Structures are given as C-alpha cells and as structure tokens.
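Everything below concerns the one structure shown next.
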2 protein chains.
Amino acid sequence: MTEEERGAVRTEEENIMNWEEKVKRMVPYVPGEQPKRKDIIKLNTNECPYPPAPAVKKALQEFDYESLRLYPDPDCSILVEALAKRFHKKPGQIFVGVGSDDVLAMAFMTFFQSGEKILFPEISYSFYDVWAKLYDIPFEMVPLKEDFSICADDYCKPNGGVVIANPNAPTGLAAGLSDIEKIVAANPDSVVIVDEAYVDFGGESAVDLVEKYENLLVVQTYSKSRSLAGLRVGYAIGSEKLIKYMLDVKFSFNSYTLNRLALEVGTASLADEEYFRETCGKIVATRERVKGELKELGFTFPDSSTNFIFAKPTGITAKELFEALKKEGIYVRFFDKPVLREYLRISIGTDEEMDRLLAAIREIVGK
Amino acid sequence: MTEEERGAVRTEEENIMNWEEKVKRMVPYVPGEQPKRKDIIKLNTNECPYPPAPAVKKALQEFDYESLRLYPDPDCSILVEALAKRFHKKPGQIFVGVGSDDVLAMAFMTFFQSGEKILFPEISYSFYDVWAKLYDIPFEMVPLKEDFSICADDYCKPNGGVVIANPNAPTGLAAGLSDIEKIVAANPDSVVIVDEAYVDFGGESAVDLVEKYENLLVVQTYSKSRSLAGLRVGYAIGSEKLIKYMLDVKFSFNSYTLNRLALEVGTASLADEEYFRETCGKIVATRERVKGELKELGFTFPDSSTNFIFAKPTGITAKELFEALKKEGIYVRFFDKPVLREYLRISIGTDEEMDRLLAAIREIVGK
C-alpha cells in the first residue's frame, strides 16, 4: 500500500460507524466444542458412536463425481419421496434442510411473524431464543416444573407460536404424547413445532398427529440416530399447507440447499431400517446401564429418553468435573448458566467409551 | 379417523385463517428448470460442461464414510484456509456458505438492516429483490443504460447498501474495475456487495480492493468455473470486521452449514489450479466462437464476459425459439419479463453441444 492509499484507509476508519451502524449485531449460539485432535473421547455434542449404515458407504462408493458439475434437484425429490414412504406421508408433507437447525430456522422465519410472543420452555435447546432474536420475534421462556418436566397447561394461552423439544434437551426428559397433543389442540391459531431430534431413543413421536392437526410441524434430524451429523440433513413433517408455506420461504432464501451427496447418502441411509433400529437399541442399552452406574456414584438426573444423560454429580461441582474429565481427554458438555451449571450433559458413546468415562469419574471423585 | 375426530378437524378448518395469518408469505425465486431426463442438452442454468477437477474424484474416493457420524468443523477451517491461501488473504477475511445464494442471503441479513433503500440494477440476478422482500429491506432497482451497462454515478447517492453483479447476469456484461471502485469509494457508509459468480470467465475481480475498502464484500461461487454446482459451495471475501459480523449472524442461523463432503471436496478442488484455468479457457474459447456464429445468424447481444450469452434472435421471437429448441431437447433460459423476453440466455456448453445448438437454430429459423 502506498502512503496515499493508507491515508484513504484512515479517512474511512474515521467514518467507520456509519456502515457498522447498519449491521445486524448478533450474539450467536455457541455449539459444543469440536476439538481437532482425534485421541479424545467425545461425549459433548450427542453424536452417535457407531458408523452410518453400510448403505451409506455403498452410496458414496457408487457416487458419480462428474454429476457434481450439475445443480442438485432443488426439490430434493429422491430424499423427500424416501422420507414420505418411511413415514407413510405424502411427499408434499415433507420439508428437508441442511440439518434440523436449518429446518427450524426456516420454520421460525415462516410461521412466527405475527408480532405475538412465541412460547418455549426456559430450559431447552438454546438456539430457540437465538433464532427469535435473529428474526426479532418476541418470546416468552416458560419455566419448567421442579423436576424439569413441562406443564402442558402453560402453553394453552394466546401466543404467536410454540416450540417444544420432545424429548427435551439438555434435560433428556420426554413428555407424553397426550401432553403434546393437548398443546397442539389448544393452539389452532398458532403453529406448534415439536422438535424431535432425540425421539428415536425412546420418545413418542407426534408424527402421526400431523394428519389431525394442520398447525403441527414435527422436526427430526439425521444427526443423532442416523449417525450422520457430518452430512447435514434434517426434515420436517406437517400438513401440505404448512410445508408449502415453508417451501415458499426456503425458495426465497436458497434454491439449492442439499448438495448431491447429501441427497444420495441421505436417501441410502433410509434403506437400512434394521441397522438403524439396531444402532438405536445399542445406545439405549448402554444408556440404561450407565444410568445405573451413575446412580451408584451418587449422580442424580432426570430420566433420559435420549442419547445423553443430564447428570448432577455429588462431592464435586459439575464445572470441576467437566475440567478434570477434559484433562483426561474426555469431553462432555457444560453449560455455564443458572441451574444448568449444576449438571453435565454426557452423550452416550460406545460401552468401552462409557467404561472409560466411569473409571475416570471414579478416579476423580475418589470412589 | 373416527367421526368425532373428523368433527374436530372441521372445527379447526373454520378457524384456519388464524395460524395462516401469522405466516410470512413469499413469492419465491424460480430457478431454471432442472429436468430429470438425461438425454437433453442443458444450456439453461450456466453449469460447466466439463467435470470437476481430478482432485475432486480423488477426495471422494479417499473420503472416510465413518467420519460422517461426527459434526463437520463449524468454522470450515480447511476450506477457509485453502481459500485464504488461494486469494492471499487471512482466514478471517473469508466466509463460506451453501452456494453463493446462501452467502448472499446471509450478507443481506447482516448488512442491510438500516431501513434505508438498498440499490441494485434493474436488470440483474433476480434473487436480489426476493431477498430484499424476505427481510423487508426497502430497495430501488436502478435502470441500466440502453446498452445494458451500469452507470456508476447512479450508485453514488445515500443508500442502505449496494449490490452489483459483475459481470452482470443475465446480460453477461462486465463493468470495469474502476467503475466498481468508484461505487465502493463513494459509499463508505454502506456495505457494497460485488457478486462475482461469473468473474472467472473474463471479468476483473474486486478481490484485491478489500484491503483498501472495509465496506466491500466480494462474493464468488464454485458452481460455474469450478464445475461444482452440485456441491453447493460459495464464499465471500472482505475485511475481517465485515466477515466477523457475517459469522455472528451465520452462527445465529445454523452452526453447521457445509457438510464434511463439501469441506473435503471443496478444498481439493482448489489444489488443481491448472485444471481450473484450462476449463475456464475452454469455455471462453467456445464462447468467442459461438459469438461469431450467432452474429452471422443475425443475433445481437451484449458482449459476454461470462459462461453464457444473452442473445436476441431475428426473424423469430425469443419465446418461439425457446420453445422450438426445447422440442429438440435443447434447454436454454427464457425470462418472461419486460426487455428480457426479447432475449435468450444461452449457457456455454462443450463445442459439440454448441454445434448442435447452432444447427438446431439454423434449422428452426430456416438458414
């Protein structure tokens, strides 16, 4: 840069507040750490410890790399049709996106535009209030009961929309389908989103209620139970009318979201239901065993229906335990917020990984 | 469904306007047709007729499918670092997204929040006004000169932001870098986005101006010159401050956008600069030859610096020619809008494809 050019830069810096005043300033959601080292036990972002279905491997091997020169199908038809078949729905009832975060972001943009407050639990997926702030949607965070369960009646009042994670995160606790139906039925004037990221590990899905309630949107993901967090595929199931509105917004944002690889691999994954059920079954079995062991170690926790346990240690603070485990190369999730900071969210890994975790905890707490 | 349940549904249908009134209603951007049949000559969405770089094939073959169980790196570090190296920038000056549409959508959301009118050419990428409507951003579409060139002075007035596609689409016409710099320099109070989707086919990039102007964001894509429309990778280059604001919004929308495959393959593509230059060179050579042949057939067109020609036929309307070509299995793009409807946007395919196009045109117009 010449002196003259530097001068020009300086002059602009003096005016700098002008363009910066026009910027949307956000405090973003902070995802769990994704450490680059490989020699750790990673129990901090609720990934699946088992590989994706063998059909995924095959789809990748058979993928024609030359096809990447062409845009993907903007309608994502092969994936939409496979999901429709899997859930006994029409293709027009399925919306797919770049992970369930993308799907939820689109749903917030599409449905929560009335200026009325939307409702969601005070302790839940901490992206909900970030999206609300991003789109300037007023919101009310509804307290949970003492035992972390939701009180359906709290969502039966005028609102601009409702979002419930079921099972909830980071508590792991599932609400009964009758509670979910009560909330949906009480809100014919709003869209109710049920975020079922963890439903395959023991929750009751609301998917079949979409035939009965036009205002219900059920969101699920490939990231947990399908071992495909790295593929970025999520989907929503709802009435055709609801899905059409979401598609109109999606096509006003980005015509081509899922790449050709995600479409092929995502479709292939659905072909192997047995492997899917087996994987979920293994995680549930490990979880139940670990629950017993944690109890013996004096931990308390809400009863998990997910692939993680939200556990409160005794004799050591959660933060101390979090840091001690990290030193041992074991990553779990710690949320430094009121109430949550008493707990650790521990993803369910393989049996071997969980044994190493339990051994490390025993070592740390001296039991 | 029981009779009682049907009754419940009916009652909800009577209230139906309530939730629907809360919906954001959009008239979406309509992308070029993506026909599912394979036996066509596809010159309608500006894809590259040549396969992606050999390094892409290799990256796919070596990809470890088991890694898909883990989330991708939310910072997209390998790709960001490779792009930074390629453009002699710092990693903090690079933003990556799901195609340049995703990058542009994020930039609109981040930078055009002042309530002041943003400016863009009346004839340009037709997604700009769709995004403006999506985010309730007021906008003014600035007329082009008679010859489709932009008049830089028209963008030197108070505004909430500026977007210029350079080279422009669908005209194919490039503005000189001095015009671009004039617009950027005249707007220290706004962010100026230069959308360079087609720059590798003959435009002058504004990338190096980002060191001088903190308010300049340059957006490029893998979809055209890198033969990777199916991978969905786009990126922006700007000052570190600008990029940081975009990242804050991005992380408030979706933490994990690019999947593991896009990160690996997108990085691999950059390793093969020679193949990249060769491919762009072939397209430019074909384009120049086709320009000559179209001129001989009486077509007129602005001088293209892109991988398409925006051409006006004689003796037949553009719509008639569009339909006649489609019957022959040759897809080009027709925009049914004032002025644009006199032209066809014809993507540059292989020499053989263009010869078949030219033969079909001769047949149709009887020359």
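Going through the structure tokens in order, the chains are called A, B, and so on, while each chain numbers its residues from 1 and the ligands are numbered from 1 in the order shown.
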message = Can you tell me which residues surround Glu274 of chain A at a distance of at most 12 Å, considering only C-alpha atoms, apart from same-chain residues fewer than 6 positions away, and format the answer as a PyMOL selection string?
response = chain A and resi 53-55+226+280-281
Can I get the selection written as a CSV table (one decimal), in the first residue's frame, with N, CA and C atoms?
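Result file selection23.csv:
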chain,number,residue,atom,x,y,z
A,53,ALA,N,-25.0,-46.3,8.4
A,53,ALA,CA,-25.4,-47.6,7.8
A,53,ALA,C,-24.5,-48.0,6.6
A,54,PRO,N,-24.3,-49.3,6.4
A,54,PRO,CA,-23.5,-49.8,5.3
A,54,PRO,C,-24.0,-49.2,4.0
A,55,ALA,N,-25.3,-49.0,3.8
A,55,ALA,CA,-25.8,-48.5,2.6
A,55,ALA,C,-25.2,-47.1,2.3
A,226,ARG,N,-29.2,-41.4,13.1
A,226,ARG,CA,-28.8,-42.0,11.8
A,226,ARG,C,-27.2,-41.9,11.6
A,280,CYS,N,-29.8,-47.7,17.4
A,280,CYS,CA,-30.6,-47.0,18.5
A,280,CYS,C,-30.7,-47.9,19.7
A,281,GLY,N,-31.0,-49.2,19.4
A,281,GLY,CA,-31.1,-50.2,20.5
A,281,GLY,C,-29.8,-50.3,21.3
message = So that I can see what lies close to Gly329 of chain A, please list as number ranges by chain the residues with an atom at most 8 Å from it, counting only C-alpha atoms and leaving out residues fewer than 5 positions away in the same chain.
response = A: 39-41
Selection from above, C-alpha atoms, as an mmCIF file, in the first residue's frame, can you write it?
data_model
loop_
_atom_site.group_PDB
_atom_site.id
_atom_site.type_symbol
_atom_site.label_atom_id
_atom_site.label_comp_id
_atom_site.auth_asym_id
_atom_site.auth_seq_id
_atom_site.Cartn_x
_atom_site.Cartn_y
_atom_site.Cartn_z
ATOM 1 C CA ASP A 39 -7.310 -39.054 20.559
ATOM 2 C CA ILE A 40 -10.195 -37.979 22.761
ATOM 3 C CA ILE A 41 -13.445 -39.482 23.946
#
Residues of chain A within 6 Å of chain B, only C-alpha atoms counted, as a ChimeraX atom specification = /A:18-19,22-24,26,28-29,47,51,57,65-66,68-72,101-102,110-111,113-114,130,189-190,227-232,248-249,251-252,254,259-260
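The environment of segment 197-206 of chain B within 6 Å, counting only C-alpha atoms and disregarding residues fewer than 6 places along the same chain, consists of B:Pro167, B:Ala174, B:Gln220, B:Thr221, B:Ser305, B:Thr306.
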Within segment 16-233 of chain B, find each residue whose DSSP state, derived from the backbone, is strand (DSSP E or B), and express the selection as an mmCIF file with N, CA and C atoms, in the first residue's frame.
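So the final result, stored in selection.cif, reads:
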data_model
loop_
_atom_site.group_PDB
_atom_site.id
_atom_site.type_symbol
_atom_site.label_atom_id
_atom_site.label_comp_id
_atom_site.auth_asym_id
_atom_site.auth_seq_id
_atom_site.Cartn_x
_atom_site.Cartn_y
_atom_site.Cartn_z
ATOM 1 N N ILE B 41 -29.685 -31.434 -24.066
ATOM 2 C CA ILE B 41 -28.535 -30.534 -24.000
ATOM 3 C C ILE B 41 -28.953 -29.403 -23.066
ATOM 4 N N LYS B 42 -28.264 -29.305 -21.954
ATOM 5 C CA LYS B 42 -28.723 -28.437 -20.879
ATOM 6 C C LYS B 42 -27.895 -27.153 -20.859
ATOM 7 N N ILE B 94 -12.427 -14.566 5.132
ATOM 8 C CA ILE B 94 -13.178 -15.492 4.272
ATOM 9 C C ILE B 94 -14.422 -16.000 4.995
ATOM 10 N N PHE B 95 -15.546 -15.990 4.295
ATOM 11 C CA PHE B 95 -16.798 -16.567 4.792
ATOM 12 C C PHE B 95 -17.242 -17.615 3.784
ATOM 13 N N VAL B 96 -17.607 -18.809 4.245
ATOM 14 C CA VAL B 96 -18.089 -19.814 3.285
ATOM 15 C C VAL B 96 -19.542 -20.196 3.585
ATOM 16 N N GLY B 97 -20.266 -20.568 2.537
ATOM 17 C CA GLY B 97 -21.666 -20.942 2.703
ATOM 18 C C GLY B 97 -22.120 -21.958 1.668
ATOM 19 N N ILE B 118 -31.811 -0.079 -0.314
ATOM 20 C CA ILE B 118 -30.604 -0.586 -0.965
ATOM 21 C C ILE B 118 -30.771 -0.423 -2.479
ATOM 22 N N LEU B 119 -29.644 -0.388 -3.176
ATOM 23 C CA LEU B 119 -29.645 -0.153 -4.624
ATOM 24 C C LEU B 119 -29.069 -1.363 -5.359
ATOM 25 N N PHE B 120 -29.721 -1.752 -6.434
ATOM 26 C CA PHE B 120 -29.121 -2.725 -7.355
ATOM 27 C C PHE B 120 -29.720 -2.514 -8.740
ATOM 28 N N PRO B 121 -29.038 -3.005 -9.767
ATOM 29 C CA PRO B 121 -29.506 -2.753 -11.126
ATOM 30 C C PRO B 121 -30.876 -3.391 -11.386
ATOM 31 N N PHE B 139 -35.950 -1.286 -1.257
ATOM 32 C CA PHE B 139 -34.937 -1.316 -2.321
ATOM 33 C C PHE B 139 -35.360 -0.462 -3.503
ATOM 34 N N GLU B 140 -34.350 -0.043 -4.261
ATOM 35 C CA GLU B 140 -34.586 0.689 -5.505
ATOM 36 C C GLU B 140 -33.821 -0.022 -6.613
ATOM 37 N N MET B 141 -34.544 -0.360 -7.656
ATOM 38 C CA MET B 141 -33.894 -1.012 -8.785
ATOM 39 C C MET B 141 -33.483 0.070 -9.775
ATOM 40 N N VAL B 142 -32.182 0.196 -9.985
ATOM 41 C CA VAL B 142 -31.629 1.296 -10.774
ATOM 42 C C VAL B 142 -31.575 0.879 -12.248
ATOM 43 N N GLY B 161 -27.183 0.273 1.253
ATOM 44 C CA GLY B 161 -26.331 -0.803 0.755
ATOM 45 C C GLY B 161 -26.443 -0.883 -0.752
ATOM 46 N N VAL B 162 -25.471 -1.539 -1.363
ATOM 47 C CA VAL B 162 -25.455 -1.676 -2.823
ATOM 48 C C VAL B 162 -25.087 -3.123 -3.158
ATOM 49 N N VAL B 163 -25.727 -3.669 -4.173
ATOM 50 C CA VAL B 163 -25.337 -4.985 -4.703
ATOM 51 C C VAL B 163 -25.172 -4.862 -6.204
ATOM 52 N N ILE B 164 -24.013 -5.268 -6.676
ATOM 53 C CA ILE B 164 -23.727 -5.249 -8.112
ATOM 54 C C ILE B 164 -23.214 -6.634 -8.502
ATOM 55 N N ALA B 165 -23.825 -7.233 -9.511
ATOM 56 C CA ALA B 165 -23.260 -8.468 -10.064
ATOM 57 C C ALA B 165 -22.281 -8.050 -11.151
ATOM 58 N N VAL B 192 -21.008 -2.485 0.264
ATOM 59 C CA VAL B 192 -21.189 -2.726 -1.162
ATOM 60 C C VAL B 192 -20.812 -4.184 -1.441
ATOM 61 N N ILE B 193 -21.786 -4.933 -1.967
ATOM 62 C CA ILE B 193 -21.544 -6.336 -2.301
ATOM 63 C C ILE B 193 -21.304 -6.443 -3.803
ATOM 64 N N VAL B 194 -20.200 -7.046 -4.179
ATOM 65 C CA VAL B 194 -19.952 -7.322 -5.591
ATOM 66 C C VAL B 194 -20.056 -8.833 -5.780
ATOM 67 N N ASP B 195 -21.050 -9.227 -6.541
ATOM 68 C CA ASP B 195 -21.358 -10.636 -6.751
ATOM 69 C C ASP B 195 -20.623 -11.094 -8.008
ATOM 70 N N LEU B 216 -16.366 -3.321 1.545
ATOM 71 C CA LEU B 216 -16.548 -4.094 0.309
ATOM 72 C C LEU B 216 -16.608 -5.585 0.604
ATOM 73 N N LEU B 217 -17.633 -6.241 0.098
ATOM 74 C CA LEU B 217 -17.739 -7.695 0.211
ATOM 75 C C LEU B 217 -17.802 -8.286 -1.197
ATOM 76 N N VAL B 218 -16.870 -9.160 -1.501
ATOM 77 C CA VAL B 218 -16.836 -9.808 -2.815
ATOM 78 C C VAL B 218 -17.313 -11.251 -2.650
ATOM 79 N N VAL B 219 -18.290 -11.637 -3.458
ATOM 80 C CA VAL B 219 -18.876 -12.982 -3.338
ATOM 81 C C VAL B 219 -18.572 -13.785 -4.599
ATOM 82 N N GLN B 220 -18.101 -15.003 -4.421
ATOM 83 C CA GLN B 220 -17.841 -15.887 -5.555
ATOM 84 C C GLN B 220 -18.428 -17.275 -5.289
ATOM 85 N N THR B 221 -18.359 -18.142 -6.290
ATOM 86 C CA THR B 221 -19.019 -19.445 -6.174
ATOM 87 C C THR B 221 -18.229 -20.555 -6.849
#
remark   = Atom pair atom CA of Thr171 of chain B + atom CA of Glu273 of chain B, distance 27.6 Å
task = With a distance cut-off of 8 Å and only C-alpha atoms, select the neighbouring residues of Leu79 of chain A, excluding the residue or stretch itself and same-chain residues fewer than 4 positions from it, and output the selection as a PyMOL selection string.
result = chain A and resi 83+263-264+266-267
Save out the residues we just selected, N, CA and C atoms, as a PDB file, in the first residue's frame.
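File produced: part-v9.pdb:
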ATOM      1  N   LEU A  83     -38.398 -40.236   2.446  1.00  0.00           N
ATOM      2  CA  LEU A  83     -38.891 -39.891   3.785  1.00  0.00           C
ATOM      3  C   LEU A  83     -40.409 -40.049   3.846  1.00  0.00           C
ATOM      4  N   LEU A 263     -28.128 -35.665  -0.793  1.00  0.00           N
ATOM      5  CA  LEU A 263     -29.355 -36.274  -1.314  1.00  0.00           C
ATOM      6  C   LEU A 263     -29.181 -37.786  -1.505  1.00  0.00           C
ATOM      7  N   GLU A 264     -28.076 -38.179  -2.113  1.00  0.00           N
ATOM      8  CA  GLU A 264     -27.846 -39.613  -2.363  1.00  0.00           C
ATOM      9  C   GLU A 264     -27.654 -40.372  -1.056  1.00  0.00           C
ATOM     10  N   GLY A 266     -28.279 -39.433   2.053  1.00  0.00           N
ATOM     11  CA  GLY A 266     -29.440 -39.331   2.941  1.00  0.00           C
ATOM     12  C   GLY A 266     -30.533 -40.309   2.550  1.00  0.00           C
ATOM     13  N   THR A 267     -30.717 -40.495   1.254  1.00  0.00           N
ATOM     14  CA  THR A 267     -31.721 -41.445   0.773  1.00  0.00           C
ATOM     15  C   THR A 267     -31.285 -42.874   1.082  1.00  0.00           C
TER      16      THR A 267
END
key: Shell around Val339 of chain A at 12 Å using only C-alpha atoms, local window under 6 positions removed, as an NGL selection string   = :A and (122-123 or 143-144 or 146-148 or 170-171 or 310-312 or 318)
message = For Glu363 of chain B, find every residue with an atom within 12 Å (counting only C-alpha atoms), except residues of its own chain fewer than 6 positions away, and show them as a ChimeraX atom specification.
response = /B:297,321,324-325,328,356-357
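Counting only C-alpha atoms and comparing B:Ser77, B:Arg86, B:Gln93, B:Ala360, the residue that lies closest to Lys244 of chain B is B:Gln93.
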ask   = Got a sec to tell me which of segment 138-242 of chain A DSSP assigns to helix (DSSP H, G or I), as an NGL selection string?
value = :A and (152-155 or 177-186 or 199-201 or 207-211 or 240-242)
Could those residues be written to a file, using N, CA and C atoms, as a CSV table (one decimal), in the first residue's frame?
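Here's the written file again.csv:
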chain,number,residue,atom,x,y,z
A,152,ALA,N,-48.1,-28.8,30.3
A,152,ALA,CA,-48.8,-28.5,29.1
A,152,ALA,C,-49.7,-27.3,29.2
A,153,ASP,N,-50.4,-27.1,30.4
A,153,ASP,CA,-51.3,-26.0,30.5
A,153,ASP,C,-50.6,-24.6,30.3
A,154,ASP,N,-49.3,-24.6,30.6
A,154,ASP,CA,-48.6,-23.3,30.4
A,154,ASP,C,-48.6,-22.8,29.0
A,155,TYR,N,-48.8,-23.7,28.0
A,155,TYR,CA,-48.7,-23.4,26.6
A,155,TYR,C,-50.1,-23.2,26.0
A,177,LEU,N,-47.2,-38.2,24.7
A,177,LEU,CA,-47.8,-37.7,23.5
A,177,LEU,C,-49.1,-37.0,23.9
A,178,SER,N,-49.8,-37.4,25.0
A,178,SER,CA,-51.0,-36.7,25.3
A,178,SER,C,-50.8,-35.3,25.7
A,179,ASP,N,-49.7,-35.0,26.3
A,179,ASP,CA,-49.3,-33.6,26.7
A,179,ASP,C,-49.1,-32.8,25.4
A,180,ILE,N,-48.3,-33.4,24.5
A,180,ILE,CA,-48.0,-32.7,23.2
A,180,ILE,C,-49.3,-32.4,22.4
A,181,GLU,N,-50.2,-33.5,22.4
A,181,GLU,CA,-51.5,-33.3,21.7
A,181,GLU,C,-52.3,-32.2,22.3
A,182,LYS,N,-52.3,-32.1,23.6
A,182,LYS,CA,-53.0,-31.1,24.3
A,182,LYS,C,-52.6,-29.7,23.9
A,183,ILE,N,-51.3,-29.5,23.8
A,183,ILE,CA,-50.7,-28.2,23.4
A,183,ILE,C,-51.1,-27.9,22.0
A,184,VAL,N,-51.0,-28.9,21.1
A,184,VAL,CA,-51.3,-28.7,19.7
A,184,VAL,C,-52.8,-28.3,19.5
A,185,ALA,N,-53.6,-29.1,20.2
A,185,ALA,CA,-55.1,-28.9,20.1
A,185,ALA,C,-55.5,-27.6,20.7
A,186,ALA,N,-54.8,-27.1,21.7
A,186,ALA,CA,-55.2,-25.9,22.4
A,186,ALA,C,-54.8,-24.6,21.6
A,199,VAL,N,-36.0,-38.2,19.4
A,199,VAL,CA,-37.1,-39.1,19.6
A,199,VAL,C,-36.8,-40.6,19.4
A,200,ASP,N,-35.8,-40.9,18.5
A,200,ASP,CA,-35.6,-42.3,18.2
A,200,ASP,C,-35.0,-43.1,19.4
A,201,PHE,N,-34.6,-42.4,20.5
A,201,PHE,CA,-34.0,-43.1,21.6
A,201,PHE,C,-35.0,-43.3,22.7
A,207,VAL,N,-45.5,-37.6,15.0
A,207,VAL,CA,-45.6,-37.6,13.5
A,207,VAL,C,-47.0,-37.9,13.0
A,208,ASP,N,-47.7,-38.8,13.7
A,208,ASP,CA,-49.0,-39.2,13.2
A,208,ASP,C,-50.1,-38.2,13.5
A,209,LEU,N,-49.8,-37.3,14.4
A,209,LEU,CA,-50.8,-36.2,14.7
A,209,LEU,C,-50.9,-35.2,13.6
A,210,VAL,N,-49.9,-35.2,12.7
A,210,VAL,CA,-50.0,-34.1,11.6
A,210,VAL,C,-51.2,-34.3,10.7
A,211,GLU,N,-51.7,-35.6,10.7
A,211,GLU,CA,-52.9,-35.8,9.9
A,211,GLU,C,-54.1,-35.1,10.5
A,240,GLU,N,-49.8,-30.5,4.3
A,240,GLU,CA,-49.3,-30.0,3.0
A,240,GLU,C,-49.3,-28.5,2.9
A,241,LYS,N,-50.3,-27.9,3.6
A,241,LYS,CA,-50.4,-26.4,3.6
A,241,LYS,C,-49.2,-25.8,4.3
A,242,LEU,N,-48.9,-26.3,5.5
A,242,LEU,CA,-47.8,-25.8,6.3
A,242,LEU,C,-46.5,-26.0,5.5
request  = Counting only C-alpha atoms, figure out which residue out of A:Glu352, A:Asn44, A:Lys327, A:Lys117 gets nearest to Ile137 of chain A.
outcome  = A:Lys117
